[in-house]
$ cat upload.txt   # compact mmCIF, C-alpha atoms
# COMPACT_ATOMS: atom_id res chain seq x y z
CA MET A 316 -36.67 -26.35 -3.88
CA ASN A 317 -36.82 -23.74 -6.68
CA ASN A 318 -37.72 -21.05 -4.17
CA GLU A 319 -34.70 -22.00 -2.08
CA LEU A 320 -32.42 -21.84 -5.11
CA ASN A 321 -33.80 -18.43 -6.09
CA LEU A 322 -33.28 -17.16 -2.56
CA ASN A 323 -29.70 -18.43 -2.54
CA ASN A 324 -29.01 -16.77 -5.89
CA GLU A 325 -30.37 -13.46 -4.59
CA LEU A 326 -28.21 -13.65 -1.47
CA THR A 327 -25.15 -14.60 -3.53
CA THR A 328 -25.68 -11.66 -5.88
CA ALA A 329 -26.26 -9.25 -2.99
CA ALA A 330 -23.09 -10.43 -1.34
CA GLY A 331 -21.04 -9.73 -4.43
CA VAL A 332 -20.26 -13.29 -5.48
CA GLY A 333 -22.35 -13.46 -8.64
CA ASN A 334 -21.45 -12.15 -12.06
CA ASP A 335 -23.31 -8.85 -11.61
CA PRO A 336 -23.22 -8.06 -7.90
CA LEU A 337 -25.60 -5.58 -6.35
CA PRO A 338 -24.24 -3.05 -3.89
CA PRO A 339 -24.86 -4.08 -0.26
CA GLN A 340 -27.73 -2.34 1.49
CA THR A 341 -27.18 -2.99 5.19
CA MET A 342 -24.12 -2.28 7.31
CA GLY A 343 -23.75 -6.00 7.97
CA GLN A 344 -23.61 -6.76 4.23
CA LYS A 345 -21.11 -3.93 3.71
CA LEU A 346 -18.79 -5.18 6.44
CA LYS A 347 -18.86 -8.69 4.98
CA MET A 348 -17.87 -7.37 1.55
CA ILE A 349 -14.91 -5.17 2.43
CA GLY A 350 -11.62 -6.70 1.39
CA PRO A 351 -9.58 -4.56 -1.02
CA GLY A 352 -9.01 -2.19 1.89
CA PHE A 353 -7.34 -4.98 3.84
CA VAL A 354 -5.03 -5.48 0.87
CA VAL A 355 -4.24 -1.75 0.83
CA ALA A 356 -3.52 -1.74 4.57
CA ALA A 357 -1.40 -4.89 4.49
CA THR A 358 0.61 -3.61 1.51
CA GLY A 359 1.02 -0.09 2.83
CA VAL A 360 2.35 -0.95 6.30
CA GLY A 361 5.91 -2.02 5.66
CA THR A 362 8.98 -2.34 7.82
CA ALA A 363 10.12 1.17 6.85
CA ASP A 364 6.91 2.64 8.27
CA LEU A 365 7.38 0.71 11.51
CA VAL A 366 11.00 1.88 11.81
CA THR A 367 10.01 5.52 11.23
CA ALA A 368 7.27 5.43 13.85
CA ILE A 369 9.43 3.62 16.43
CA VAL A 370 12.36 6.02 15.90
CA ILE A 371 10.09 9.05 16.30
CA GLY A 372 8.53 7.53 19.41
CA THR A 373 12.02 6.86 20.80
CA SER A 374 13.09 10.46 20.17
CA PHE A 375 9.92 12.39 21.03
CA GLY A 376 7.68 10.09 23.04
CA MET A 377 3.93 10.39 22.31
CA THR A 378 4.31 13.87 20.79
CA PHE A 379 3.40 12.86 17.23
CA VAL A 380 0.15 10.94 17.63
CA TRP A 381 -1.45 13.82 15.74
CA ALA A 382 0.88 13.28 12.77
CA ILE A 383 -0.28 9.67 12.38
CA VAL A 384 -3.91 10.79 12.45
CA ILE A 385 -3.27 13.46 9.81
CA GLY A 386 -1.25 11.04 7.66
CA SER A 387 -4.04 8.46 7.74
CA ILE A 388 -6.61 11.09 6.76
CA LEU A 389 -4.48 12.40 3.88
CA LYS A 390 -3.87 8.91 2.51
CA TYR A 391 -7.58 8.13 2.85
CA PHE A 392 -8.45 11.03 0.55
CA LEU A 393 -5.83 9.96 -2.02
CA ASN A 394 -6.95 6.32 -1.99
CA GLU A 395 -10.64 7.26 -2.05
CA GLY A 396 -9.95 9.48 -5.05
CA VAL A 397 -8.42 6.58 -6.99
CA GLY A 398 -11.40 4.36 -6.17
CA ARG A 399 -13.99 7.07 -6.93
CA TRP A 400 -12.37 7.83 -10.29
CA TYR A 401 -12.68 4.18 -11.32
CA LEU A 402 -16.25 3.65 -10.07
CA ALA A 403 -17.60 6.99 -11.31
CA THR A 404 -16.06 6.83 -14.80
CA GLY A 405 -15.35 3.16 -15.45
CA GLN A 406 -11.82 4.22 -16.44
CA THR A 407 -8.61 3.04 -14.83
CA ILE A 408 -6.20 5.52 -13.30
CA LEU A 409 -3.83 4.86 -16.23
CA GLN A 410 -6.52 5.98 -18.66
CA GLY A 411 -6.98 9.06 -16.51
CA TRP A 412 -3.27 9.82 -16.57
CA HIS A 413 -3.16 9.25 -20.34
CA SER A 414 -5.89 11.85 -20.78
CA LEU A 415 -3.59 14.39 -19.12
CA GLY A 416 -1.02 13.90 -21.88
CA LYS A 417 1.66 11.50 -23.03
CA TRP A 418 4.07 12.98 -20.46
CA ALA A 419 2.00 11.44 -17.65
CA THR A 420 1.98 7.89 -18.99
CA GLY A 421 5.59 8.30 -20.11
CA TYR A 422 6.64 9.27 -16.59
CA PHE A 423 4.82 6.29 -15.13
CA GLY A 424 6.27 3.89 -17.70
CA VAL A 425 9.89 4.84 -16.96
CA TYR A 426 9.28 4.94 -13.21
CA SER A 427 7.55 1.55 -13.08
CA VAL A 428 10.43 -0.23 -14.84
CA ILE A 429 13.17 1.23 -12.63
CA TRP A 430 11.06 1.09 -9.45
CA GLY A 431 10.14 -2.55 -10.05
CA TYR A 432 13.77 -3.59 -10.44
CA ILE A 433 14.96 -1.86 -7.25
CA TYR A 434 11.90 -2.64 -5.16
CA GLY A 435 11.88 -6.28 -6.24
CA ALA A 436 15.28 -6.74 -4.63
CA THR A 437 14.59 -4.59 -1.57
CA ALA A 438 11.28 -6.27 -0.67
CA ALA A 439 12.67 -9.78 -1.08
CA MET A 440 15.80 -9.01 0.98
CA THR A 441 13.67 -7.53 3.76
CA CYS A 442 11.59 -10.72 3.87
CA GLY A 443 14.79 -12.75 3.85
CA LEU A 444 16.20 -10.69 6.71
CA GLY A 445 13.13 -11.34 8.86
CA MET A 446 13.01 -15.05 8.11
CA HIS A 447 16.75 -15.48 8.66
CA ALA A 448 16.39 -13.91 12.11
CA MET A 449 13.84 -16.61 12.99
CA LEU A 450 15.37 -19.53 11.08
CA PRO A 451 19.08 -18.98 10.36
CA ILE A 452 19.37 -22.24 8.46
CA MET A 453 20.05 -20.46 5.15
CA PRO A 454 21.72 -17.18 4.17
CA ILE A 455 19.55 -14.08 3.80
CA TRP A 456 19.82 -14.09 0.00
CA ALA A 457 18.46 -17.66 -0.15
CA TRP A 458 15.44 -16.72 1.96
CA ALA A 459 14.99 -13.66 -0.27
CA ILE A 460 14.84 -15.83 -3.39
CA ILE A 461 12.33 -18.17 -1.74
CA HIS A 462 10.04 -15.26 -0.84
CA SER A 463 10.26 -13.82 -4.36
CA LEU A 464 9.31 -17.17 -5.81
CA LEU A 465 6.47 -17.66 -3.32
CA GLY A 466 5.01 -14.29 -4.28
CA PHE A 467 5.47 -15.09 -7.97
CA ALA A 468 3.73 -18.49 -7.65
CA LEU A 469 0.79 -17.14 -5.65
CA VAL A 470 0.09 -14.25 -8.01
CA TRP A 471 0.70 -16.32 -11.18
CA THR A 472 -2.36 -18.43 -10.33
CA GLY A 473 -4.52 -15.40 -11.09
CA ARG A 474 -6.89 -16.03 -8.18
CA TYR A 475 -7.58 -12.68 -6.57
CA LEU A 476 -9.91 -13.99 -3.86
CA LEU A 477 -7.22 -16.44 -2.68
CA PHE A 478 -4.72 -13.59 -2.62
CA GLU A 479 -7.16 -11.39 -0.65
CA ARG A 480 -7.79 -14.14 1.91
CA ILE A 481 -4.05 -14.67 2.45
CA MET A 482 -3.55 -10.93 2.91
CA THR A 483 -6.46 -10.81 5.36
CA VAL A 484 -4.94 -13.66 7.39
CA LEU A 485 -1.57 -11.88 7.45
CA ILE A 486 -3.32 -8.67 8.56
CA GLY A 487 -4.67 -10.73 11.46
CA VAL A 488 -1.16 -11.94 12.26
CA MET A 489 0.15 -8.36 12.17
CA PHE A 490 -2.69 -7.21 14.40
CA ILE A 491 -1.94 -9.87 17.02
CA THR A 492 1.82 -9.31 16.93
CA ILE A 493 2.23 -5.54 16.49
CA ILE A 494 -0.83 -4.43 18.45
CA GLY A 495 -0.20 -7.21 20.98
CA THR A 496 3.36 -6.02 21.60
CA SER A 497 2.22 -2.41 22.04
CA LEU A 498 -0.30 -3.46 24.72
CA LEU A 499 2.66 -4.12 27.02
CA PHE A 500 3.52 -0.43 26.87
CA LEU A 501 0.18 1.34 27.03
CA PRO A 502 0.58 5.06 27.74
CA THR A 503 -1.60 6.85 30.26
CA ILE A 504 -4.74 8.57 29.01
CA GLY A 505 -3.05 11.93 29.60
CA GLU A 506 0.03 10.98 27.57
CA PHE A 507 -2.09 9.66 24.70
CA ALA A 508 -4.44 12.67 24.70
CA GLY A 509 -1.47 15.03 24.78
CA GLY A 510 -0.19 13.49 21.57
CA PHE A 511 -3.28 14.71 19.72
CA VAL A 512 -2.29 18.32 20.33
CA PRO A 513 -0.10 19.40 17.39
CA LYS A 514 3.39 20.23 18.62
CA MET A 515 6.67 20.51 16.72
CA PRO A 516 9.78 20.22 18.92
CA ASP A 517 12.98 21.80 17.61
CA GLY A 518 14.56 19.81 14.81
CA SER A 519 11.53 17.59 14.26
CA LEU A 520 9.91 19.14 11.16
CA MET A 521 11.23 16.69 8.58
CA LEU A 522 10.64 13.73 10.87
CA ALA A 523 7.02 14.80 11.39
CA LEU A 524 6.43 15.32 7.68
CA GLY A 525 8.11 11.99 6.95
CA LEU A 526 5.79 10.28 9.41
CA ILE A 527 2.72 11.94 7.90
CA GLY A 528 3.82 11.06 4.37
CA GLY A 529 4.93 7.55 5.30
CA VAL A 530 1.58 6.37 6.69
CA GLY A 531 0.22 3.83 4.21
CA GLY A 532 1.39 3.09 0.67
CA THR A 533 2.65 5.03 -2.33
CA ILE A 534 2.49 3.54 -5.83
CA THR A 535 0.28 0.66 -4.66
CA MET A 536 -2.54 3.12 -3.94
CA ALA A 537 -2.89 3.47 -7.71
CA SER A 538 -3.61 -0.29 -7.84
CA TYR A 539 -6.78 0.13 -5.76
CA GLY A 540 -9.10 0.44 -8.76
CA TYR A 541 -7.91 -2.89 -10.15
CA TRP A 542 -8.52 -4.61 -6.82
CA LEU A 543 -12.04 -3.14 -6.82
CA ARG A 544 -12.61 -4.58 -10.29
CA GLU A 545 -11.33 -7.99 -9.22
CA LYS A 546 -13.88 -7.81 -6.39
CA ASN A 547 -16.45 -7.14 -9.14
CA TRP A 548 -17.39 -3.71 -7.79
CA LYS A 549 -18.55 -1.72 -10.80
CA GLY A 550 -20.44 1.53 -11.14
CA LYS A 551 -21.32 4.53 -9.02
CA GLU A 552 -23.57 2.48 -6.75
CA PHE A 553 -20.45 0.99 -5.17
CA VAL A 554 -18.95 4.35 -4.15
CA PRO A 555 -20.39 4.15 -0.57
CA ILE A 556 -19.00 0.64 0.09
CA MET A 557 -15.68 1.71 -1.47
CA ARG A 558 -15.50 4.61 0.96
CA LEU A 559 -16.20 2.30 3.91
CA ASP A 560 -13.55 -0.11 2.59
CA THR A 561 -11.01 2.71 2.33
CA LYS A 562 -11.83 3.99 5.81
CA ALA A 563 -11.25 0.49 7.18
CA ALA A 564 -7.89 0.41 5.36
CA TYR A 565 -6.59 3.60 6.95
CA VAL A 566 -8.03 2.95 10.39
CA ILE A 567 -6.03 -0.31 10.38
CA THR A 568 -2.97 1.47 8.94
CA GLY A 569 -3.21 4.18 11.59
CA LEU A 570 -3.52 1.60 14.38
CA PHE A 571 -0.40 -0.25 13.23
CA THR A 572 1.62 2.94 12.96
CA MET A 573 0.31 4.14 16.34
CA ALA A 574 1.28 0.82 17.93
CA ALA A 575 4.84 1.20 16.60
CA LEU A 576 5.01 4.76 17.98
CA VAL A 577 3.84 3.51 21.40
CA ILE A 578 6.55 0.81 21.45
CA GLY A 579 9.24 3.38 20.73
CA ALA A 580 7.81 5.95 23.13
CA LYS A 581 7.27 3.67 26.12
CA PHE A 582 10.08 1.13 25.70
CA LEU A 583 12.96 3.15 24.26
CA PHE A 584 12.19 6.83 25.00
CA GLY A 585 14.97 8.36 27.07
CA THR A 586 17.46 5.60 26.26
CA ASP A 587 20.56 5.77 24.07
CA VAL A 588 19.32 3.03 21.74
CA LYS A 589 19.58 3.98 18.06
CA LEU A 590 17.52 2.10 15.48
CA GLU A 591 18.31 2.39 11.78
CA GLY A 592 16.73 0.50 8.90
CA ASP A 593 15.39 -3.03 8.94
CA GLN A 594 18.30 -4.22 11.07
CA GLY A 595 17.10 -1.79 13.72
CA LEU A 596 13.82 -3.70 14.02
CA LEU A 597 15.72 -6.94 14.50
CA ASN A 598 17.82 -5.26 17.21
CA LEU A 599 14.58 -4.13 18.85
CA ALA A 600 13.33 -7.74 18.82
CA GLU A 601 16.50 -8.76 20.69
CA LEU A 602 15.98 -6.00 23.27
CA LEU A 603 12.36 -7.06 23.78
CA GLY A 604 13.52 -10.65 24.24
CA GLN A 605 16.10 -9.63 26.84
CA GLU A 606 13.51 -7.61 28.77
CA PHE A 607 10.43 -9.81 28.49
CA GLY A 608 11.65 -13.23 27.39
CA THR A 609 12.01 -15.26 24.20
CA PRO A 610 8.25 -15.43 23.37
CA LEU A 611 8.06 -11.66 22.90
CA ARG A 612 11.19 -11.72 20.73
CA TRP A 613 9.49 -14.25 18.47
CA LEU A 614 6.25 -12.28 18.49
CA PHE A 615 8.02 -9.19 17.22
CA LEU A 616 10.05 -11.12 14.64
CA ILE A 617 6.79 -12.53 13.27
CA ALA A 618 5.45 -8.96 13.14
CA PHE A 619 8.54 -7.88 11.18
CA TRP A 620 8.19 -10.76 8.72
CA SER A 621 4.43 -10.25 8.27
CA ALA A 622 4.89 -6.55 7.49
CA ALA A 623 7.62 -7.37 4.97
CA PHE A 624 5.85 -10.25 3.23
CA THR A 625 2.46 -8.52 2.93
CA SER A 626 4.19 -5.55 1.27
CA LEU A 627 5.89 -7.91 -1.17
CA LEU A 628 2.66 -9.77 -2.00
CA GLY A 629 0.68 -6.55 -2.43
CA VAL A 630 3.21 -5.14 -4.88
CA TRP A 631 3.60 -8.44 -6.76
CA ASN A 632 -0.19 -8.50 -7.29
CA GLY A 633 -1.03 -4.83 -7.69
CA VAL A 634 1.69 -3.04 -9.65
CA PRO A 635 1.66 -5.49 -12.62
CA TYR A 636 -1.93 -4.30 -13.26
CA LEU A 637 -0.60 -0.78 -13.64
CA PHE A 638 2.18 -1.82 -16.00
CA ALA A 639 -0.09 -4.03 -18.13
CA ASP A 640 -2.61 -1.20 -18.31
CA PHE A 641 0.19 1.21 -19.25
CA LEU A 642 1.17 -0.96 -22.24
CA ARG A 643 -2.45 -1.43 -23.28
CA THR A 644 -3.14 2.30 -22.99
CA ILE A 645 -0.20 3.48 -25.11
CA LYS A 646 -0.94 0.86 -27.79
CA THR A 647 -4.64 1.74 -28.12
CA ARG A 648 -6.14 4.77 -29.79
CA LYS A 649 -7.90 7.07 -27.32
CA GLU A 650 -11.27 6.64 -29.01
CA ASP A 651 -11.00 2.86 -28.62
CA LEU A 652 -9.89 2.71 -24.99
CA HIS A 653 -13.42 2.49 -23.63
CA SER A 654 -14.13 -0.69 -25.59
CA VAL A 655 -10.96 -2.73 -24.95
CA LYS A 656 -10.97 -5.61 -22.50
CA PRO A 657 -9.68 -4.76 -19.02
CA VAL A 658 -6.29 -6.11 -18.03
CA THR A 659 -6.29 -9.26 -15.92
CA GLU A 660 -3.79 -11.36 -13.98
CA LYS A 661 -3.68 -13.72 -16.97
CA ASP A 662 -2.43 -11.10 -19.45
CA LYS A 663 1.03 -11.66 -20.87
CA SER A 664 2.11 -8.11 -20.01
CA TYR A 665 0.89 -8.56 -16.42
CA ARG A 666 2.88 -11.75 -16.05
CA ALA A 667 5.90 -10.22 -17.77
CA TYR A 668 6.05 -7.45 -15.15
CA LEU A 669 5.49 -10.01 -12.40
CA ALA A 670 8.55 -11.82 -13.72
CA TRP A 671 10.41 -8.48 -13.86
CA LEU A 672 9.71 -7.96 -10.15
CA THR A 673 10.87 -11.50 -9.34
CA PHE A 674 13.87 -12.59 -11.37
CA PRO A 675 16.14 -9.75 -12.62
CA PRO A 676 16.35 -8.15 -9.13
CA MET A 677 18.02 -11.33 -7.86
CA LEU A 678 21.21 -10.02 -9.49
CA ILE A 679 21.24 -7.25 -6.89
CA PHE A 680 21.51 -9.87 -4.14
CA PHE A 681 25.00 -10.69 -5.38
CA PHE A 682 26.31 -7.58 -7.18
CA GLY A 683 24.75 -4.72 -5.23
CA LYS A 684 22.60 -1.82 -6.41
CA PRO A 685 23.86 0.24 -9.37
CA VAL A 686 24.43 3.80 -8.16
CA GLN A 687 23.10 5.56 -11.27
CA LEU A 688 19.89 3.52 -11.16
CA ILE A 689 19.43 4.35 -7.48
CA ILE A 690 19.68 8.07 -8.25
CA ILE A 691 17.09 7.87 -11.07
CA TYR A 692 14.89 5.73 -8.81
CA GLY A 693 15.11 8.35 -6.08
CA VAL A 694 14.31 11.24 -8.41
CA LEU A 695 11.27 9.57 -10.00
CA GLY A 696 10.08 8.25 -6.63
CA ALA A 697 10.22 11.70 -5.05
CA LEU A 698 7.87 12.93 -7.78
CA PHE A 699 5.27 10.15 -7.57
CA MET A 700 3.11 11.32 -4.65
CA PRO A 701 2.88 14.95 -5.92
CA PHE A 702 2.08 13.46 -9.36
CA LEU A 703 -0.75 11.34 -7.91
CA ALA A 704 -2.16 14.25 -5.90
CA ILE A 705 -2.19 16.74 -8.77
CA SER A 706 -3.62 14.19 -11.21
CA LEU A 707 -6.54 13.48 -8.84
CA ILE A 708 -7.16 17.21 -8.41
CA ILE A 709 -7.40 17.64 -12.18
CA LEU A 710 -9.30 14.45 -13.01
CA LEU A 711 -11.86 14.58 -10.21
CA ASN A 712 -12.79 18.19 -10.95
CA SER A 713 -13.23 17.54 -14.67
CA LYS A 714 -16.41 16.98 -16.67
CA LYS A 715 -15.38 13.35 -17.14
CA VAL A 716 -16.89 12.78 -13.70
CA ASP A 717 -20.59 13.39 -13.03
CA ALA A 718 -21.15 16.46 -10.86
CA GLU A 719 -22.23 14.50 -7.78
CA TYR A 720 -18.98 12.50 -7.80
CA ARG A 721 -16.61 15.40 -8.38
CA ASN A 722 -14.45 16.72 -5.59
CA LYS A 723 -16.11 18.83 -2.92
CA TRP A 724 -14.28 21.81 -1.42
CA LEU A 725 -12.95 19.78 1.51
CA THR A 726 -11.52 17.08 -0.75
CA ASN A 727 -9.86 19.70 -2.96
CA ALA A 728 -8.38 21.42 0.10
CA VAL A 729 -6.97 18.13 1.42
CA LEU A 730 -5.56 17.10 -1.96
CA ILE A 731 -3.92 20.51 -2.39
CA GLY A 732 -2.43 20.07 1.08
CA CYS A 733 -1.17 16.63 0.01
CA LEU A 734 0.36 18.13 -3.11
CA LEU A 735 2.20 20.84 -1.20
CA MET A 736 3.45 18.50 1.52
CA PHE A 737 4.64 15.77 -0.83
CA ALA A 738 6.22 18.33 -3.14
CA PHE A 739 8.18 19.69 -0.14
CA LEU A 740 9.21 16.19 0.91
CA GLY A 741 10.15 15.37 -2.69
CA ILE A 742 12.37 18.45 -2.98
CA ASN A 743 14.05 17.50 0.29
CA GLU A 744 14.72 13.98 -1.01
CA LEU A 745 16.17 15.37 -4.24
CA GLN A 746 18.50 17.61 -2.25
CA LYS A 747 19.77 14.55 -0.36
CA LEU A 748 20.47 12.78 -3.64
CA PHE A 749 22.49 15.62 -5.12
$ encode --input "upload.txt" --output "structure tokens"
Amino acid sequence: MNNELNLNNELTTAAGVGNDPLPPQTMGQKLKMIGPGFVVAATGVGTADLVTAIVIGTSFGMTFVWAIVIGSILKYFLNEGVGRWYLATGQTILQGWHSLGKWATGYFGVYSVIWGYIYGATAAMTCGLGMHAMLPIMPIWAWAIIHSLLGFALVWTGRYLLFERIMTVLIGVMFITIIGTSLLFLPTIGEFAGGFVPKMPDGSLMLALGLIGGVGGTITMASYGYWLREKNWKGKEFVPIMRLDTKAAYVITGLFTMAALVIGAKFLFGTDVKLEGDQGLLNLAELLGQEFGTPLRWLFLIAFWSAAFTSLLGVWNGVPYLFADFLRTIKTRKEDLHSVKPVTEKDKSYRAYLAWLTFPPMLIFFFGKPVQLIIIYGVLGALFMPFLAISLIILLNSKKVDAEYRNKWLTNAVLIGCLLMFAFLGINELQKLF
């Protein structure tokens, strides 16, 4: 009996369930352990990403398959950098930003407050829009409130593994619905292969860059290190499994985006149908229903809702870590940061930001978005991805990281490419605002 117990304990520790998990050794063990990547993928693929891909497919057919591949690769390097920084140094990304200067943490602090208020309303209303299309028994704002409260209640429990399982289930739902819908419109091998050849039709530059930049998440990528910690992955030994986890995240993300492109390219290409915003996806569901019957309409509506609700849940769980860590970091002397307790889902500051995401934004449901706040939100948001890219370039080439875990030339080249692209996109967004 004792031998059996010892064997079970060894297996539990190897699988990452014990207090001090060992990194998995076999590919089978690694595949069983991945999970934070599913959260990244589920959070990063939102309705806006689906709309962008469908619109581009509608306008240009299969031309921009290559852009989705490049976007997935770029986001992989950014996400991997966040995870490698945490595992190689034991420091959170907030501590890394703080080491760059008070301007970095100050920027994030202002951005997180404004972003949380606007996004809290937007994410909930998108969920409400999808649910209202399926069950119009309540107004959209009522469904929005219900989704906000559901996200609040789930995250308040502080049970990461439960949250991860729910996100994994919803990823499965998205896979069945989004990928399943795209299977009705499979392109020929020639059409698909042709999309891998980089081409830029006239007037498509900003659309292509928007597609590349829109693959995957933005601010939630910075939450990745906290999800790794909740999974109890600690130390450099977990860098290989983290890389596999991140690859899984962006393979899934790329597949979802590709499926949306295929739907636009094969169902709507050459038509006069115009899709704009979340309402455009609902219009697409109606068109699918008219062409293929009510079951497909429902399938796509479920896809819409799943994409919206997973994005809400991922933000409700992930971004409060960043805010709680921000407060802890600015309150603690630099020499003491290494010894303070890590932030958890039980911290008052974590739960305060969770409440900030949930309750104050409900005012927007009734009074609309304040114009001045939207402008500030747009300015700070346009700067976030260049900020993340340049901070990873600096931090992961510094002596704070052991030489073997610093950036190699390829990683630096990709991150510099990310910086230039996102800076260009950011400038373009700022021009639109003003």
$ closest_residue --input "upload.txt" --among "A:Leu710, A:Leu365, A:Val634, A:Met736" --to "Ala575 (chain A)" --atoms "all atoms listed in the file"
A:Leu365
$ residues_around --input "upload.txt" --residues "Leu637 (chain A)" --least-positions-apart "3" --cutoff "8 Å" --atoms "all atoms listed in the file" --output "number ranges by chain"
A: 409, 537-538, 633-634, 640-641
$ atom_distance --input "upload.txt" --atom1 "CA of Val484 (chain A)" --atom2 "CA of Cys442 (chain A)"
17.2 Å
$ closest_residue --input "upload.txt" --among "A:Arg721, A:Gln340, A:Ser463, A:Val729" --to "Thr437 (chain A)" --atoms "all atoms listed in the file"
A:Ser463
$ closest_residue --input "upload.txt" --among "A:Gly532, A:Gly431, A:Gly424, A:Pro454" --to "Gly352 (chain A)" --atoms "all atoms listed in the file"
A:Gly532
$ residues_around --input "upload.txt" --residues "Gly421 (chain A)" --least-positions-apart "3" --cutoff "12 Å" --atoms "only C-alpha atoms" --output "VMD selection string"
chain A and resid 409 412 to 413 415 to 418 424 to 428 638 641 to 642 644 to 645 695
$ write_last_selection --input "upload.txt" --atoms "C-alpha atoms" --output "compact mmCIF listing (two decimals), keeping the file's coordinate frame"
# COMPACT_ATOMS: atom_id res chain seq x y z
CA LEU A 409 -3.83 4.86 -16.23
CA TRP A 412 -3.27 9.82 -16.57
CA HIS A 413 -3.16 9.25 -20.34
CA LEU A 415 -3.59 14.39 -19.12
CA GLY A 416 -1.02 13.90 -21.88
CA LYS A 417 1.66 11.50 -23.03
CA TRP A 418 4.07 12.98 -20.46
CA GLY A 424 6.27 3.89 -17.70
CA VAL A 425 9.89 4.84 -16.96
CA TYR A 426 9.28 4.94 -13.21
CA SER A 427 7.55 1.55 -13.08
CA VAL A 428 10.43 -0.23 -14.84
CA PHE A 638 2.18 -1.82 -16.00
CA PHE A 641 0.19 1.21 -19.25
CA LEU A 642 1.17 -0.96 -22.24
CA THR A 644 -3.14 2.30 -22.99
CA ILE A 645 -0.20 3.48 -25.11
CA LEU A 695 11.27 9.57 -10.00
$ closest_residue --input "upload.txt" --among "A:Leu499, A:Glu660, A:Thr472, A:Thr625" --to "Phe607 (chain A)" --atoms "all atoms listed in the file"
A:Leu499
$ closest_residue --input "upload.txt" --among "A:Gln605, A:Thr441, A:Thr533, A:Thr373" --to "Val577 (chain A)" --atoms "only C-alpha atoms"
A:Thr373
$ atom_distance --input "upload.txt" --atom1 "CA of Tyr539 (chain A)" --atom2 "CA of Gly696 (chain A)"
18.7 Å
$ closest_residue --input "upload.txt" --among "A:Gln344, A:Trp430, A:Arg648, A:Thr362" --to "Trp671 (chain A)" --atoms "only C-alpha atoms"
A:Trp430
$ atom_distance --input "upload.txt" --atom1 "CA of Ile705 (chain A)" --atom2 "CA of Ser664 (chain A)"
27.6 Å
$ residues_around --input "upload.txt" --residues "Leu501 (chain A)" --least-positions-apart "5" --cutoff "9 Å" --atoms "all atoms listed in the file" --output "list in words"
Phe507, Val577, Ile578 and Lys581 of chain A
$ residues_around --input "upload.txt" --residues "Gly386 (chain A)" --least-positions-apart "6" --cutoff "9 Å" --atoms "only C-alpha atoms" --output "PDB file with C-alpha atoms, in the frame of the given file"
ATOM      1  CA  LEU A 524       6.430  15.320   7.680  1.00  0.00           C
ATOM      2  CA  LEU A 526       5.790  10.280   9.410  1.00  0.00           C
ATOM      3  CA  ILE A 527       2.720  11.940   7.900  1.00  0.00           C
ATOM      4  CA  GLY A 528       3.820  11.060   4.370  1.00  0.00           C
ATOM      5  CA  GLY A 529       4.930   7.550   5.300  1.00  0.00           C
ATOM      6  CA  VAL A 530       1.580   6.370   6.690  1.00  0.00           C
ATOM      7  CA  GLY A 531       0.220   3.830   4.210  1.00  0.00           C
ATOM      8  CA  GLY A 569      -3.210   4.180  11.590  1.00  0.00           C
TER       9      GLY A 569
END
$ closest_atom_pairs --input "upload.txt" --of "region 527-589 of chain A" --to "region 654-659 of chain A" --cutoff "12 Å" --atoms "all atoms listed in the file" --output "JSON lines"
{"residue": "A:Gly540", "atom": "CA", "partner": "A:Pro657", "partner_atom": "CA", "distance": 11.5}
{"residue": "A:Tyr541", "atom": "CA", "partner": "A:Val658", "partner_atom": "CA", "distance": 8.7}
{"residue": "A:Trp542", "atom": "CA", "partner": "A:Thr659", "partner_atom": "CA", "distance": 10.5}
{"residue": "A:Arg544", "atom": "CA", "partner": "A:Pro657", "partner_atom": "CA", "distance": 9.2}
{"residue": "A:Glu545", "atom": "CA", "partner": "A:Thr659", "partner_atom": "CA", "distance": 8.5}
$ residues_around --input "upload.txt" --residues "region 514-521 of chain A" --least-positions-apart "2" --cutoff "10 Å" --atoms "only C-alpha atoms" --output "list of chain:residue names"
A:Ile371, A:Ser374, A:Phe375, A:Thr378, A:Phe379, A:Val380, A:Trp381, A:Ala382, A:Gly509, A:Gly510, A:Phe511, A:Val512, A:Ala523, A:Leu524, A:Gly525, A:Leu526, A:Ile527, A:Phe739, A:Leu740, A:Asn743
$ decode --input "upload.txt" --residues "region 711-716 of chain A" --atoms "N, CA and C atoms" --output "PDB file, in the first residue's frame"
ATOM      1  N   LEU A 711      14.588  41.403 -21.991  1.00  0.00           N
ATOM      2  CA  LEU A 711      15.084  40.065 -22.319  1.00  0.00           C
ATOM      3  C   LEU A 711      16.463  40.091 -22.971  1.00  0.00           C
ATOM      4  N   ASN A 712      17.051  41.262 -23.094  1.00  0.00           N
ATOM      5  CA  ASN A 712      18.456  41.375 -23.500  1.00  0.00           C
ATOM      6  C   ASN A 712      19.326  41.862 -22.341  1.00  0.00           C
ATOM      7  N   SER A 713      18.716  42.035 -21.172  1.00  0.00           N
ATOM      8  CA  SER A 713      19.442  42.586 -20.029  1.00  0.00           C
ATOM      9  C   SER A 713      20.112  41.487 -19.215  1.00  0.00           C
ATOM     10  N   LYS A 714      20.980  41.896 -18.303  1.00  0.00           N
ATOM     11  CA  LYS A 714      21.692  40.949 -17.442  1.00  0.00           C
ATOM     12  C   LYS A 714      20.802  40.393 -16.338  1.00  0.00           C
ATOM     13  N   LYS A 715      19.570  40.879 -16.256  1.00  0.00           N
ATOM     14  CA  LYS A 715      18.624  40.307 -15.290  1.00  0.00           C
ATOM     15  C   LYS A 715      18.219  38.893 -15.680  1.00  0.00           C
ATOM     16  N   VAL A 716      18.444  38.559 -16.944  1.00  0.00           N
ATOM     17  CA  VAL A 716      18.108  37.237 -17.461  1.00  0.00           C
ATOM     18  C   VAL A 716      19.403  36.489 -17.744  1.00  0.00           C
TER      19      VAL A 716
END
